[in-house]
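So the structure is just underneath, and the comments pick up after that.
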Amino acid sequence: MKKTQPIGIFDSGIGGTSIFKEIHALLPLEDIIYLADSINAPYGIKSREKIIALSKKNTELLLKNGCKIIVVACNTATTNAIGFLRNNYNVPIIGIEPAIKPAALKTKRKAIGILATKGTLSSELFHKTSGLFAKDIEVIEVIGSGLVEAIEAGKENSASTKKLLEVLLQPMLAKNIDYLVLGCSHYPYLIPILKEILLKDIIIIDSGEAVARQTKFILNSLGLLNEAQKKTSISFYTNKSPEILKHFVPNHPVQYLDF
Ligand code: DGL
């Protein structure tokens with residue numbers, strides 16, 4: 001493995017671009033290949049077997065393109081497929097999980113909300129983490145039905161998405177949460193409307209920055225950080241509409257690829 005090989009990132013669609021932005025900001029000298037599997041979004045309503053098969057397909061394409069590390073920028077794929085990926089591929093695999101631990105440690109009202117997909121909330125890994133860190137507090141889990149579809153359609157700021165969120169967040173507000181954990185990499189794009197809906201004293205947490213730090217830590221510990229000064233290559237591929245992906249990464253070229 002060479003330091004100059006790219007970092008590979010995949011998500012069920014555009015959501016992982018929120019993770020890409022954190023990684024690119026922290027590791028500006030790294031080449032990056034990003035795959036948006038938007039044709040198959042949302043992953044969150046699919047079976048575990050299907051999510052594993054899709055994660056395998058994305059990982060193999062990134063490895064074929066020489067990636068030195070894979071970042072699974074999707075909570076649903078991480079919580080359902082990371083064990084499979086780590087057992088089957090000989091490269092470091094970084095995942096993203098809902099940030100239950102910091103929210104559970106910091107909550108004063110002993111009530112936190114987790115907004116995530118059905119696939120994440122029903123996964124064994126999520127239950128294990130939740131059982132470990134959130135034993136003594138109330139955890140209000142809400143499936144973000146319809147949110148990934150709205151964001152994939154570029155409607156992250158629309159009145160209809162705001163209405164949908166108002167309904168989804170109701171059970172959390174009723175329980176007086178003080179932390180809201182965004183358990184899906186698409187959801188950081190909802191932060192502007194979330195801030196309009198939520199009371200000022202509710203803190204929103206997502207895992208993007210932690211994933212970037214972990215990626216840097218692992219690359220550094222393996223001697224794989226790219227420290228060379230050069231023009232970096234950042235490639236975005238989508239198997240659906242390049243316009244939608246471009247809307248979320250306007251400063252980078254986006255290409256259609258059938259994968
Ligand atoms: N970005 C994915 C996640 O973090 C969205 C899942 C989906 O496609 O439903 O869970």
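So you can find residues: chains in the structure tokens are A, B, ... in the order shown, residues in each start at 1, and ligands are numbered from 1 in order.
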
Exercise. Output the neighbourhood of ligand 1 as a PyMOL selection string, that is, all protein and nucleic acid residues with some atom at most 9 Å from the ligand, counting only C-alpha atoms and all ligand atoms.
Key: chain A and resi 11-16+37-38+40-46+72-79+96-98+116-120+144-145+147-149+182-187

Exercise. Would you kindly return, as a list in words, each protein, DNA or RNA residue with an atom no farther than 9 Å from any atom of region 221-234 of chain A, considering only C-alpha atoms and excluding same-chain residues fewer than 3 positions away?
Key: Met1, Lys2, Lys3, Thr4, Gln5, Pro6, Leu27, Pro28, Leu29, Glu30, Asp31, Ile32, Ile33, Tyr34, Lys68, Lys216, Phe217, Ile218, His252 and Pro253 of chain A

Quiz item: Of the candidates A:Leu198, A:Ile143, A:Ile82, A:Ile112, which one gets nearest to Ile100 (chain A) if we count only C-alpha atoms?
Solution: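 Nearest to Ile100 (chain A): A:Ile112.
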
Exercise. Apply DSSP to the backbone of this structure and, from region 45-196 of chain A, keep only the residues in helix (DSSP H, G or I); write these as a count of residues only.
Key: 84

Exercise. Determine, counting only C-alpha atoms, which protein, DNA and RNA residues have an atom within 10 Å of an atom of Ala81 (chain A); residues of the same chain fewer than 5 positions away are not included. Present the result as a PyMOL selection string.
Key: chain A and resi 48-56+72+75-76+86+95+123+125

File dump, residues just selected, N, CA and C atoms, as a PDB file, in the first residue's frame:
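The resulting file, out23.pdb, is shown below:
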```
ATOM      1  N   ARG A  48     -30.890  -6.553   5.594  1.00  0.00           N
ATOM      2  CA  ARG A  48     -29.477  -6.583   5.954  1.00  0.00           C
ATOM      3  C   ARG A  48     -28.656  -7.213   4.822  1.00  0.00           C
ATOM      4  N   GLU A  49     -29.190  -8.295   4.225  1.00  0.00           N
ATOM      5  CA  GLU A  49     -28.478  -9.007   3.153  1.00  0.00           C
ATOM      6  C   GLU A  49     -28.252  -8.073   1.957  1.00  0.00           C
ATOM      7  N   LYS A  50     -29.287  -7.311   1.630  1.00  0.00           N
ATOM      8  CA  LYS A  50     -29.198  -6.395   0.486  1.00  0.00           C
ATOM      9  C   LYS A  50     -28.182  -5.275   0.788  1.00  0.00           C
ATOM     10  N   ILE A  51     -28.220  -4.776   2.031  1.00  0.00           N
ATOM     11  CA  ILE A  51     -27.282  -3.692   2.406  1.00  0.00           C
ATOM     12  C   ILE A  51     -25.842  -4.222   2.342  1.00  0.00           C
ATOM     13  N   ILE A  52     -25.632  -5.471   2.764  1.00  0.00           N
ATOM     14  CA  ILE A  52     -24.289  -6.070   2.684  1.00  0.00           C
ATOM     15  C   ILE A  52     -23.867  -6.204   1.214  1.00  0.00           C
ATOM     16  N   ALA A  53     -24.781  -6.676   0.367  1.00  0.00           N
ATOM     17  CA  ALA A  53     -24.440  -6.863  -1.059  1.00  0.00           C
ATOM     18  C   ALA A  53     -24.080  -5.521  -1.706  1.00  0.00           C
ATOM     19  N   LEU A  54     -24.823  -4.472  -1.391  1.00  0.00           N
ATOM     20  CA  LEU A  54     -24.541  -3.148  -1.973  1.00  0.00           C
ATOM     21  C   LEU A  54     -23.214  -2.595  -1.437  1.00  0.00           C
ATOM     22  N   SER A  55     -22.956  -2.815  -0.154  1.00  0.00           N
ATOM     23  CA  SER A  55     -21.701  -2.323   0.450  1.00  0.00           C
ATOM     24  C   SER A  55     -20.507  -3.045  -0.169  1.00  0.00           C
ATOM     25  N   LYS A  56     -20.687  -4.323  -0.459  1.00  0.00           N
ATOM     26  CA  LYS A  56     -19.639  -5.144  -1.084  1.00  0.00           C
ATOM     27  C   LYS A  56     -19.334  -4.592  -2.488  1.00  0.00           C
ATOM     28  N   VAL A  72     -16.890   4.085   5.106  1.00  0.00           N
ATOM     29  CA  VAL A  72     -18.313   3.800   4.889  1.00  0.00           C
ATOM     30  C   VAL A  72     -19.074   4.996   5.465  1.00  0.00           C
ATOM     31  N   ASN A  75     -24.425   5.408   7.971  1.00  0.00           N
ATOM     32  CA  ASN A  75     -24.698   4.703   9.229  1.00  0.00           C
ATOM     33  C   ASN A  75     -25.382   3.359   8.964  1.00  0.00           C
ATOM     34  N   THR A  76     -26.272   3.349   7.986  1.00  0.00           N
ATOM     35  CA  THR A  76     -27.027   2.126   7.689  1.00  0.00           C
ATOM     36  C   THR A  76     -26.087   1.024   7.193  1.00  0.00           C
ATOM     37  N   ARG A  86     -14.984  -5.836   7.045  1.00  0.00           N
ATOM     38  CA  ARG A  86     -13.697  -6.008   7.746  1.00  0.00           C
ATOM     39  C   ARG A  86     -13.204  -7.439   7.659  1.00  0.00           C
ATOM     40  N   GLY A  95     -16.004   3.278   9.750  1.00  0.00           N
ATOM     41  CA  GLY A  95     -17.463   3.390   9.654  1.00  0.00           C
ATOM     42  C   GLY A  95     -17.989   4.588  10.408  1.00  0.00           C
ATOM     43  N   SER A 123     -30.543  -2.412  13.767  1.00  0.00           N
ATOM     44  CA  SER A 123     -29.334  -3.238  13.663  1.00  0.00           C
ATOM     45  C   SER A 123     -28.814  -3.681  15.029  1.00  0.00           C
ATOM     46  N   LEU A 125     -25.671  -3.837  15.894  1.00  0.00           N
ATOM     47  CA  LEU A 125     -24.586  -2.955  16.340  1.00  0.00           C
ATOM     48  C   LEU A 125     -25.145  -1.732  17.066  1.00  0.00           C
TER      49      LEU A 125
END
```

Quiz prompt | DSSP strand (DSSP E) selection over region 5-205 of chain A, as a PyMOL selection string | solution = chain A and resi 7-11+32-36+69-72+93-94+111-116+138-143+179-183+203-205

Quiz item: So which residues touch Lys240 (chain A) within 9 Å, counting only C-alpha atoms, skipping near sequence neighbours fewer than 2 positions away, as a ChimeraX atom specification?
Solution: /A:13,36-39,238,242-245,256-258

Exercise. Find the residue from A:Ile94, A:Val249, A:Ile177, A:Ala159 that sits nearest to Ala210 (chain A); use only C-alpha atoms when measuring.
Key: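 With only C-alpha atoms as the atom set, the closest residue is A:Ile94.
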
Quiz item: Which of these residues is nearest to Ser235 (chain A), using only C-alpha atoms: A:Thr161, A:Asn176, A:Asn251, A:Ser47?
Solution: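 Using only C-alpha atoms, Ser235 (chain A) sits closest to A:Asn251.
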
Exercise. May I ask which of the residues A:Leu194, A:Glu138, A:Val71, A:Gly66 is the closest one to Ile23 (chain A), counting only C-alpha atoms?
Key: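 Of A:Leu194, A:Glu138, A:Val71, A:Gly66, the one nearest Ile23 (chain A), counting only C-alpha atoms, is A:Val71.
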